[in-house]
Every structure is written in structure tokens, then in C-alpha cells.
>>> print(open('run_24.csv').read())   # CSV, C-alpha atoms
chain,number,residue,atom,x,y,z
A,922,MET,CA,0.0,0.0,0.0
A,923,ILE,CA,2.8,2.4,0.8
A,924,HIS,CA,4.2,2.0,-2.7
A,925,PHE,CA,0.9,3.2,-4.2
A,926,LEU,CA,0.8,6.1,-1.7
A,927,TYR,CA,4.3,7.2,-2.8
A,928,LEU,CA,3.2,6.9,-6.5
A,929,VAL,CA,0.2,9.1,-5.8
A,930,GLY,CA,2.3,11.6,-3.8
A,931,PHE,CA,4.9,11.8,-6.5
A,932,ALA,CA,2.2,12.3,-9.2
A,933,VAL,CA,0.5,15.1,-7.1
A,934,PHE,CA,3.7,17.1,-6.5
A,935,VAL,CA,5.0,16.8,-10.1
A,936,ALA,CA,1.5,17.6,-11.5
A,937,ILE,CA,1.2,20.7,-9.3
A,938,VAL,CA,4.6,22.0,-10.6
A,939,PHE,CA,3.9,21.1,-14.2
A,940,GLY,CA,0.5,22.8,-14.0
A,941,SER,CA,2.2,25.9,-12.7
A,942,PHE,CA,4.6,26.0,-15.7
A,943,TYR,CA,1.7,25.7,-18.2
A,944,GLU,CA,0.9,28.9,-20.0
A,945,GLY,CA,-2.8,29.8,-20.0
A,946,SER,CA,-5.6,30.7,-17.7
A,947,THR,CA,-5.9,29.4,-14.2
A,948,ARG,CA,-8.6,27.0,-15.3
A,949,GLN,CA,-6.4,25.6,-18.1
A,950,ARG,CA,-3.5,25.2,-15.6
A,951,VAL,CA,-5.6,23.3,-13.2
A,952,LEU,CA,-6.9,21.1,-16.0
A,953,TYR,CA,-3.4,20.4,-17.3
A,954,GLY,CA,-2.2,19.5,-13.8
A,955,LEU,CA,-5.2,17.2,-13.3
A,956,LYS,CA,-4.5,15.6,-16.7
A,957,THR,CA,-0.8,15.1,-15.8
A,958,PHE,CA,-1.7,13.6,-12.4
A,959,LEU,CA,-4.2,11.1,-14.0
A,960,GLN,CA,-1.7,10.2,-16.7
A,961,PHE,CA,1.0,9.5,-14.1
A,962,VAL,CA,-1.2,7.2,-12.0
A,963,GLY,CA,-3.0,5.6,-15.0
A,964,ILE,CA,0.1,4.8,-17.0
A,965,SER,CA,1.9,3.5,-13.9
A,966,LEU,CA,-1.0,1.1,-13.2
A,967,ILE,CA,-1.1,-0.1,-16.8
A,968,ILE,CA,2.7,-0.7,-16.8
A,969,ALA,CA,2.4,-2.5,-13.4
A,970,TRP,CA,-0.2,-4.9,-14.9
A,971,ILE,CA,1.9,-5.5,-18.0
A,972,LEU,CA,4.9,-6.3,-15.8
A,973,TYR,CA,2.7,-8.6,-13.7
A,974,PHE,CA,2.2,-11.0,-16.7
A,975,ILE,CA,5.9,-11.0,-17.7
A,976,PRO,CA,7.5,-14.0,-16.1
A,977,TRP,CA,10.8,-12.8,-14.7
B,1040,MET,CA,12.3,44.1,-7.3
B,1041,SER,CA,13.8,46.5,-9.8
B,1042,PHE,CA,17.4,45.3,-9.6
B,1043,LEU,CA,16.3,41.9,-10.8
B,1044,LYS,CA,15.0,43.3,-14.1
B,1045,GLU,CA,17.0,41.8,-17.0
B,1046,ASN,CA,19.3,40.1,-14.6
B,1047,PRO,CA,18.7,36.4,-15.3
B,1048,VAL,CA,21.9,35.2,-13.5
B,1049,ILE,CA,20.8,36.6,-10.1
B,1050,VAL,CA,17.2,35.3,-10.7
B,1051,ALA,CA,18.6,31.8,-11.6
B,1052,LEU,CA,20.8,31.7,-8.5
B,1053,LEU,CA,18.0,32.9,-6.3
B,1054,ALA,CA,15.5,30.4,-7.8
B,1055,TRP,CA,18.1,27.6,-7.5
B,1056,PHE,CA,19.1,28.4,-3.9
B,1057,PHE,CA,15.5,28.6,-2.5
B,1058,PRO,CA,12.8,26.9,-4.6
B,1059,GLY,CA,10.0,29.3,-5.5
B,1060,SER,CA,11.9,32.5,-4.6
B,1061,GLY,CA,12.8,33.2,-8.2
B,1062,HIS,CA,9.1,33.7,-9.0
B,1063,VAL,CA,8.2,35.5,-5.8
B,1064,ALA,CA,11.0,38.0,-6.3
B,1065,GLN,CA,9.6,38.9,-9.7
B,1066,GLY,CA,6.1,39.4,-8.3
B,1067,ARG,CA,4.6,36.1,-9.3
B,1068,TYR,CA,3.6,35.4,-5.7
B,1069,ILE,CA,1.0,32.7,-6.2
B,1070,ARG,CA,3.0,30.8,-8.8
B,1071,GLY,CA,6.1,31.0,-6.6
B,1072,LEU,CA,4.3,29.8,-3.5
B,1073,VAL,CA,2.7,26.9,-5.4
B,1074,ILE,CA,5.9,25.8,-7.0
B,1075,GLY,CA,8.0,26.3,-3.9
B,1076,GLY,CA,5.4,24.7,-1.7
B,1077,ALA,CA,5.3,21.5,-3.9
B,1078,ILE,CA,9.1,21.3,-4.2
B,1079,TRP,CA,9.6,21.8,-0.5
B,1080,ALA,CA,6.9,19.4,0.4
B,1081,MET,CA,8.5,16.8,-1.8
B,1082,PHE,CA,11.9,17.5,-0.2
B,1083,ILE,CA,10.5,17.2,3.3
B,1084,ALA,CA,8.8,13.9,2.4
B,1085,ALA,CA,12.2,12.7,1.0
B,1086,ILE,CA,14.0,13.6,4.2
B,1087,LEU,CA,11.4,11.9,6.4
B,1088,SER,CA,11.7,8.8,4.2
B,1089,GLY,CA,15.5,8.6,4.6
B,1090,GLY,CA,16.2,9.9,1.1
B,1091,ALA,CA,19.1,12.1,2.3
B,1092,TYR,CA,21.2,8.9,2.7
B,1093,TYR,CA,20.4,7.7,-0.8
B,1094,PRO,CA,22.3,6.1,-2.7
B,1095,GLY,CA,24.3,5.0,0.3
B,1096,PHE,CA,27.4,3.9,-1.5
B,1097,GLU,CA,30.7,5.5,-2.4
B,1098,PHE,CA,31.5,7.2,-5.8
B,1099,LYS,CA,33.7,4.3,-7.0
B,1100,ASP,CA,30.9,1.8,-6.8
B,1101,GLY,CA,28.1,3.7,-8.5
B,1102,GLN,CA,29.9,6.1,-11.0
B,1103,LEU,CA,27.3,7.3,-13.5
B,1104,LEU,CA,24.3,6.6,-11.3
B,1105,PHE,CA,26.1,8.3,-8.4
B,1106,LEU,CA,26.8,11.4,-10.6
B,1107,LEU,CA,23.2,11.6,-11.8
B,1108,ASN,CA,22.1,11.4,-8.1
B,1109,VAL,CA,24.5,14.2,-7.2
B,1110,PHE,CA,23.3,16.4,-10.1
B,1111,ALA,CA,19.6,15.9,-9.2
B,1112,LYS,CA,20.2,16.4,-5.5
B,1113,LEU,CA,22.1,19.6,-6.1
B,1114,GLY,CA,19.0,21.0,-7.7
B,1115,ASN,CA,17.5,21.5,-4.3
B,1116,GLY,CA,19.9,24.4,-3.5
B,1117,LEU,CA,19.5,25.1,0.2
B,1118,GLY,CA,17.9,21.7,0.5
B,1119,SER,CA,21.0,19.9,-0.8
B,1120,ILE,CA,23.0,21.4,2.0
B,1121,ILE,CA,20.3,20.3,4.5
B,1122,ALA,CA,20.3,16.8,2.9
B,1123,PHE,CA,24.1,16.7,3.2
B,1124,LEU,CA,24.0,17.7,6.9
B,1125,ALA,CA,21.3,15.1,7.5
B,1126,SER,CA,23.3,12.3,5.9
B,1127,VAL,CA,26.5,12.9,7.7
B,1128,GLU,CA,25.7,10.3,10.4
B,1129,PRO,CA,23.0,7.9,9.1
B,1130,ALA,CA,21.2,5.7,11.5
B,1131,PRO,CA,22.4,2.0,11.2
B,1132,ASN,CA,19.0,0.8,9.9
B,1133,MET,CA,18.4,3.6,7.5
B,1134,ALA,CA,19.2,1.7,4.3
B,1135,ALA,CA,16.8,-1.1,5.4
B,1136,LEU,CA,13.8,1.3,5.7
B,1137,ALA,CA,11.1,0.4,3.2
B,1138,THR,CA,10.9,4.0,2.1
B,1139,PHE,CA,14.6,4.6,1.7
B,1140,GLU,CA,14.6,4.2,-2.1
B,1141,TYR,CA,11.4,6.2,-2.5
B,1142,GLY,CA,13.0,9.0,-0.5
B,1143,GLY,CA,16.0,9.0,-2.8
B,1144,ARG,CA,13.6,9.3,-5.8
B,1145,PHE,CA,11.7,12.1,-4.2
B,1146,MET,CA,14.9,14.0,-3.4
B,1147,GLU,CA,16.1,13.6,-7.0
B,1148,ALA,CA,12.7,14.6,-8.5
B,1149,ALA,CA,12.4,17.7,-6.2
B,1150,GLY,CA,15.9,18.8,-7.4
B,1151,LEU,CA,15.1,18.3,-11.1
B,1152,LEU,CA,11.7,20.1,-10.7
B,1153,ASN,CA,13.6,23.0,-9.1
B,1154,TYR,CA,15.9,23.1,-12.2
B,1155,LEU,CA,12.8,23.5,-14.3
B,1156,ALA,CA,11.4,26.2,-12.0
B,1157,MET,CA,14.7,28.0,-12.3
B,1158,LEU,CA,14.5,28.0,-16.1
B,1159,ASP,CA,10.9,29.1,-15.8
B,1160,ALA,CA,11.9,32.1,-13.6
B,1161,VAL,CA,14.7,33.0,-16.1
B,1162,ASP,CA,12.2,32.9,-19.0
B,1163,ILE,CA,9.9,35.2,-17.1
B,1164,ASN,CA,12.9,37.5,-16.4
B,1165,LEU,CA,13.9,37.6,-20.1
B,1166,GLY,CA,10.3,38.3,-21.2
B,1167,ARG,CA,9.9,35.0,-23.0
B,1168,LYS,CA,7.1,34.0,-20.7
B,1169,LYS,CA,4.3,36.0,-18.9
>>> encode(input="run_24.csv", output="C-alpha cells")
Amino acid sequence: MIHFLYLVGFAVFVAIVFGSFYEGSTRQRVLYGLKTFLQFVGISLIIAWILYFIPW
Amino acid sequence: MSFLKENPVIVALLAWFFPGSGHVAQGRYIRGLVIGGAIWAMFIAAILSGGAYYPGFEFKDGQLLFLLNVFAKLGNGLGSIIAFLASVEPAPNMAALATFEYGGRFMEAAGLLNYLAMLDAVDINLGRKK
């Protein structure tokens, strides 16, 4: 469980900073940060499932 | 601050030494506080997880990995000094902590994000960005 919490924490902090760098209105920045966060978590889970089926 | 206008070197040094300060000094208070807050929070999480001790081996063993770690860690500016002081006498069980590696990753990521924040502050100073 702690591994997942660290993953989410990492995604939150990086998404906040990336969202701040984005040029646009506040709403666009928040949406970009949210999108980045979901991509981090979603892609990590997909990769985790792929690795689960690889036998080594 | 007027002396910072068109002085990207000072802005870069300020932004590097204290995450978020490069934006705050140029009047971007909210952006500076958000960026600085996230980077410092990540840094504190890294210290609490034992990341200051990462990678826990000497230069001769790690070489490129070690240098990458040093480069990323140095990005924290003041934080890299704090991390160095915290790692002078590590607890004997530190490398055995479940969060040790995560702390190392957080520490590196915080430093790399601060490099990006530094470049962002310089871009604002040079007028390339609003």
C-alpha cells in the first residue's frame, strides 16, 4: 500500500509544478495539472499490470 | 524588485538556492508559492523517508548513477545542504527502511523540478514568458 501512496504523492507534486509551468488561464493550468496527475497514475498502473504478466 | 530586471543570472541563482523564490522575487507570488510549496513538500517527504542517505554507496561503486544522483540532488539548492548535513551520520537501519529508495527518488525529483522552476523564472525575467 505504501508503494501506491508514494506513487500518488509523486504524481501530485509533479503535476502541481507542471501545471504551474503551463501557459494559459488558471482553469487551463488546473486542468493540465489534473490531466498530468491522472496520466502518471493511470500509465503506472497499466505498466504494473503488464509487468505482472511478464514471467521474470 | 527593480534590480532583478533583465538580470537572469541573479534570478537563476535565487531560484536555485531557494525553490519558489525566483518567481516570488519577480512578483509572481501565487505561482512562486505553489511551485516552492510543492518542491519543499516533496523535499521534506524525501528527508522523512530517509532519502538524504540515498544512494548509500561511495562514488567508486556507482559512478554514473552516483553522478546523476548528485546532479539531481544539487538542484534542491539550500535543500541539498540540508540533505548533506542530515546524511553525515546515518542511522544504522536507514538503508533497510522500506521508504529509503522512494525518499531517494523524491529527493532527485524535487531537485530536477527546481531546475525546471529555475528555467521558468529565467524565462519570465527575459520576457519569454508571462
>>> atom_distance(input="run_24.csv", atom1="atom CA of A:Leu966", atom2="atom CA of A:Leu926")
12.7 Å
>>> closest_atom_pairs(input="run_24.csv", of="chain B", to="chain A", cutoff="10 Å", atoms="only C-alpha atoms", output="tab-separated table")
residue	atom	partner	partner_atom	distance
B:Ile1069	CA	A:Ser941	CA	9.5
B:Arg1070	CA	A:Ser941	CA	6.3
B:Gly1071	CA	A:Ser941	CA	8.9
B:Val1073	CA	A:Ser941	CA	7.4
B:Ile1074	CA	A:Val938	CA	5.4
B:Gly1075	CA	A:Val938	CA	8.7
B:Gly1076	CA	A:Phe934	CA	9.1
B:Ala1077	CA	A:Phe934	CA	5.4
B:Ile1078	CA	A:Phe934	CA	7.2
B:Trp1079	CA	A:Phe934	CA	9.6
B:Ala1080	CA	A:Phe934	CA	7.9
B:Met1081	CA	A:Phe934	CA	6.7
B:Ala1084	CA	A:Gly930	CA	9.3
B:Ala1137	CA	A:Ile923	CA	8.9
B:Thr1138	CA	A:Ile923	CA	8.4
B:Tyr1141	CA	A:Tyr927	CA	7.2
B:Gly1142	CA	A:Tyr927	CA	9.2
B:Arg1144	CA	A:Phe931	CA	9.1
B:Phe1145	CA	A:Phe931	CA	7.2
B:Ala1148	CA	A:Val935	CA	8.2
B:Ala1149	CA	A:Val935	CA	8.4
B:Leu1152	CA	A:Val938	CA	7.4
B:Asn1153	CA	A:Val938	CA	9.2
B:Leu1155	CA	A:Phe942	CA	8.7
B:Ala1156	CA	A:Phe942	CA	7.7
B:Asp1159	CA	A:Phe942	CA	7.0
B:Ala1160	CA	A:Phe942	CA	9.7
B:Lys1168	CA	A:Glu944	CA	8.1
B:Lys1169	CA	A:Glu944	CA	7.9
>>> atom_distance(input="run_24.csv", atom1="atom CA of B:Glu1045", atom2="atom CA of B:Gln1065")
10.8 Å
>>> residues_around(input="run_24.csv", residues="stretch 1105-1117 of chain B", least_positions_apart="2", cutoff="10 Å", atoms="all atoms listed in the file", output="ChimeraX atom specification")
/B:1052-1058,1078-1079,1082,1091,1093-1103,1119-1123,1143-1155,1157
>>> residues_around(input="run_24.csv", residues="B:Val1161", least_positions_apart="6", cutoff="9 Å", atoms="all atoms listed in the file", output="MDAnalysis selection string")
chainID B and resid 1046:1048 1050:1051 1054 1061 1167:1168
>>> atom_distance(input="run_24.csv", atom1="atom CA of B:Gly1090", atom2="atom CA of B:Asn1132")
13.0 Å
>>> decode(input="run_24.csv", residues="stretch 923-969 of chain A", atoms="N, CA and C atoms", output="mmCIF file, in the first residue's frame")
data_model
loop_
_atom_site.group_PDB
_atom_site.id
_atom_site.type_symbol
_atom_site.label_atom_id
_atom_site.label_comp_id
_atom_site.auth_asym_id
_atom_site.auth_seq_id
_atom_site.Cartn_x
_atom_site.Cartn_y
_atom_site.Cartn_z
ATOM 1 N N ILE A 923 1.984 1.190 0.751
ATOM 2 C CA ILE A 923 2.845 2.382 0.836
ATOM 3 C C ILE A 923 3.443 2.732 -0.533
ATOM 4 N N HIS A 924 3.644 1.706 -1.376
ATOM 5 C CA HIS A 924 4.183 1.952 -2.713
ATOM 6 C C HIS A 924 3.207 2.803 -3.528
ATOM 7 N N PHE A 925 1.934 2.463 -3.421
ATOM 8 C CA PHE A 925 0.919 3.200 -4.164
ATOM 9 C C PHE A 925 0.806 4.635 -3.635
ATOM 10 N N LEU A 926 0.899 4.788 -2.313
ATOM 11 C CA LEU A 926 0.829 6.128 -1.723
ATOM 12 C C LEU A 926 1.989 7.005 -2.213
ATOM 13 N N TYR A 927 3.161 6.410 -2.297
ATOM 14 C CA TYR A 927 4.313 7.173 -2.813
ATOM 15 C C TYR A 927 4.104 7.535 -4.279
ATOM 16 N N LEU A 928 3.524 6.621 -5.039
ATOM 17 C CA LEU A 928 3.237 6.893 -6.452
ATOM 18 C C LEU A 928 2.275 8.076 -6.567
ATOM 19 N N VAL A 929 1.203 8.048 -5.757
ATOM 20 C CA VAL A 929 0.218 9.127 -5.815
ATOM 21 C C VAL A 929 0.852 10.443 -5.353
ATOM 22 N N GLY A 930 1.645 10.388 -4.276
ATOM 23 C CA GLY A 930 2.318 11.591 -3.780
ATOM 24 C C GLY A 930 3.236 12.186 -4.827
ATOM 25 N N PHE A 931 4.017 11.336 -5.465
ATOM 26 C CA PHE A 931 4.923 11.782 -6.532
ATOM 27 C C PHE A 931 4.124 12.457 -7.647
ATOM 28 N N ALA A 932 3.028 11.794 -8.067
ATOM 29 C CA ALA A 932 2.211 12.324 -9.163
ATOM 30 C C ALA A 932 1.596 13.668 -8.777
ATOM 31 N N VAL A 933 1.149 13.796 -7.524
ATOM 32 C CA VAL A 933 0.534 15.058 -7.075
ATOM 33 C C VAL A 933 1.539 16.206 -7.158
ATOM 34 N N PHE A 934 2.717 16.014 -6.579
ATOM 35 C CA PHE A 934 3.707 17.102 -6.540
ATOM 36 C C PHE A 934 4.177 17.490 -7.944
ATOM 37 N N VAL A 935 4.479 16.490 -8.752
ATOM 38 C CA VAL A 935 4.963 16.791 -10.103
ATOM 39 C C VAL A 935 3.864 17.455 -10.935
ATOM 40 N N ALA A 936 2.619 16.991 -10.768
ATOM 41 C CA ALA A 936 1.507 17.574 -11.528
ATOM 42 C C ALA A 936 1.277 19.031 -11.112
ATOM 43 N N ILE A 937 1.421 19.331 -9.818
ATOM 44 C CA ILE A 937 1.248 20.717 -9.347
ATOM 45 C C ILE A 937 2.285 21.622 -10.017
ATOM 46 N N VAL A 938 3.541 21.177 -10.021
ATOM 47 C CA VAL A 938 4.606 22.012 -10.600
ATOM 48 C C VAL A 938 4.428 22.133 -12.119
ATOM 49 N N PHE A 939 4.129 21.030 -12.790
ATOM 50 C CA PHE A 939 3.919 21.088 -14.242
ATOM 51 C C PHE A 939 2.730 21.992 -14.583
ATOM 52 N N GLY A 940 1.671 21.897 -13.791
ATOM 53 C CA GLY A 940 0.512 22.753 -14.002
ATOM 54 C C GLY A 940 0.872 24.220 -13.862
ATOM 55 N N SER A 941 1.760 24.532 -12.924
ATOM 56 C CA SER A 941 2.186 25.923 -12.724
ATOM 57 C C SER A 941 2.996 26.443 -13.904
ATOM 58 N N PHE A 942 3.744 25.554 -14.553
ATOM 59 C CA PHE A 942 4.557 25.975 -15.705
ATOM 60 C C PHE A 942 3.707 26.235 -16.947
ATOM 61 N N TYR A 943 2.535 25.607 -16.998
ATOM 62 C CA TYR A 943 1.695 25.680 -18.198
ATOM 63 C C TYR A 943 1.233 27.116 -18.445
ATOM 64 N N GLU A 944 1.317 27.543 -19.703
ATOM 65 C CA GLU A 944 0.868 28.901 -20.031
ATOM 66 C C GLU A 944 -0.602 28.878 -20.400
ATOM 67 N N GLY A 945 -1.372 29.714 -19.747
ATOM 68 C CA GLY A 945 -2.808 29.769 -20.010
ATOM 69 C C GLY A 945 -3.526 30.321 -18.801
ATOM 70 N N SER A 946 -4.867 30.237 -18.829
ATOM 71 C CA SER A 946 -5.640 30.743 -17.698
ATOM 72 C C SER A 946 -5.511 29.785 -16.513
ATOM 73 N N THR A 947 -5.976 30.235 -15.344
ATOM 74 C CA THR A 947 -5.899 29.389 -14.150
ATOM 75 C C THR A 947 -6.630 28.069 -14.367
ATOM 76 N N ARG A 948 -7.791 28.155 -15.018
ATOM 77 C CA ARG A 948 -8.588 26.954 -15.284
ATOM 78 C C ARG A 948 -7.814 25.967 -16.165
ATOM 79 N N GLN A 949 -7.150 26.519 -17.189
ATOM 80 C CA GLN A 949 -6.369 25.647 -18.088
ATOM 81 C C GLN A 949 -5.202 25.000 -17.346
ATOM 82 N N ARG A 950 -4.611 25.751 -16.428
ATOM 83 C CA ARG A 950 -3.486 25.213 -15.648
ATOM 84 C C ARG A 950 -3.946 24.078 -14.734
ATOM 85 N N VAL A 951 -5.089 24.308 -14.083
ATOM 86 C CA VAL A 951 -5.613 23.276 -13.179
ATOM 87 C C VAL A 951 -5.946 22.013 -13.973
ATOM 88 N N LEU A 952 -6.579 22.209 -15.141
ATOM 89 C CA LEU A 952 -6.941 21.053 -15.973
ATOM 90 C C LEU A 952 -5.693 20.305 -16.455
ATOM 91 N N TYR A 953 -4.653 21.064 -16.821
ATOM 92 C CA TYR A 953 -3.416 20.429 -17.278
ATOM 93 C C TYR A 953 -2.769 19.629 -16.134
ATOM 94 N N GLY A 954 -2.759 20.237 -14.928
ATOM 95 C CA GLY A 954 -2.208 19.534 -13.766
ATOM 96 C C GLY A 954 -2.977 18.260 -13.468
ATOM 97 N N LEU A 955 -4.301 18.364 -13.561
ATOM 98 C CA LEU A 955 -5.164 17.198 -13.298
ATOM 99 C C LEU A 955 -4.909 16.096 -14.327
ATOM 100 N N LYS A 956 -4.777 16.520 -15.589
ATOM 101 C CA LYS A 956 -4.517 15.561 -16.668
ATOM 102 C C LYS A 956 -3.164 14.875 -16.443
ATOM 103 N N THR A 957 -2.156 15.663 -16.067
ATOM 104 C CA THR A 957 -0.819 15.102 -15.809
ATOM 105 C C THR A 957 -0.870 14.093 -14.665
ATOM 106 N N PHE A 958 -1.601 14.452 -13.607
ATOM 107 C CA PHE A 958 -1.723 13.558 -12.446
ATOM 108 C C PHE A 958 -2.372 12.232 -12.858
ATOM 109 N N LEU A 959 -3.475 12.321 -13.587
ATOM 110 C CA LEU A 959 -4.179 11.099 -13.991
ATOM 111 C C LEU A 959 -3.318 10.254 -14.932
ATOM 112 N N GLN A 960 -2.555 10.919 -15.799
ATOM 113 C CA GLN A 960 -1.675 10.166 -16.703
ATOM 114 C C GLN A 960 -0.586 9.434 -15.928
ATOM 115 N N PHE A 961 -0.003 10.114 -14.942
ATOM 116 C CA PHE A 961 1.027 9.465 -14.121
ATOM 117 C C PHE A 961 0.476 8.198 -13.473
ATOM 118 N N VAL A 962 -0.658 8.345 -12.792
ATOM 119 C CA VAL A 962 -1.218 7.218 -12.045
ATOM 120 C C VAL A 962 -1.718 6.129 -13.006
ATOM 121 N N GLY A 963 -2.449 6.555 -14.036
ATOM 122 C CA GLY A 963 -3.031 5.590 -14.975
ATOM 123 C C GLY A 963 -1.958 4.793 -15.705
ATOM 124 N N ILE A 964 -0.961 5.482 -16.256
ATOM 125 C CA ILE A 964 0.083 4.784 -17.019
ATOM 126 C C ILE A 964 0.904 3.886 -16.096
ATOM 127 N N SER A 965 1.142 4.339 -14.853
ATOM 128 C CA SER A 965 1.877 3.488 -13.899
ATOM 129 C C SER A 965 1.124 2.196 -13.632
ATOM 130 N N LEU A 966 -0.203 2.288 -13.456
ATOM 131 C CA LEU A 966 -0.998 1.086 -13.189
ATOM 132 C C LEU A 966 -0.992 0.155 -14.403
ATOM 133 N N ILE A 967 -1.070 0.738 -15.606
ATOM 134 C CA ILE A 967 -1.053 -0.090 -16.828
ATOM 135 C C ILE A 967 0.296 -0.818 -16.928
ATOM 136 N N ILE A 968 1.390 -0.091 -16.706
ATOM 137 C CA ILE A 968 2.725 -0.711 -16.783
ATOM 138 C C ILE A 968 2.853 -1.797 -15.714
ATOM 139 N N ALA A 969 2.309 -1.514 -14.510
ATOM 140 C CA ALA A 969 2.378 -2.508 -13.430
ATOM 141 C C ALA A 969 1.673 -3.799 -13.826
#
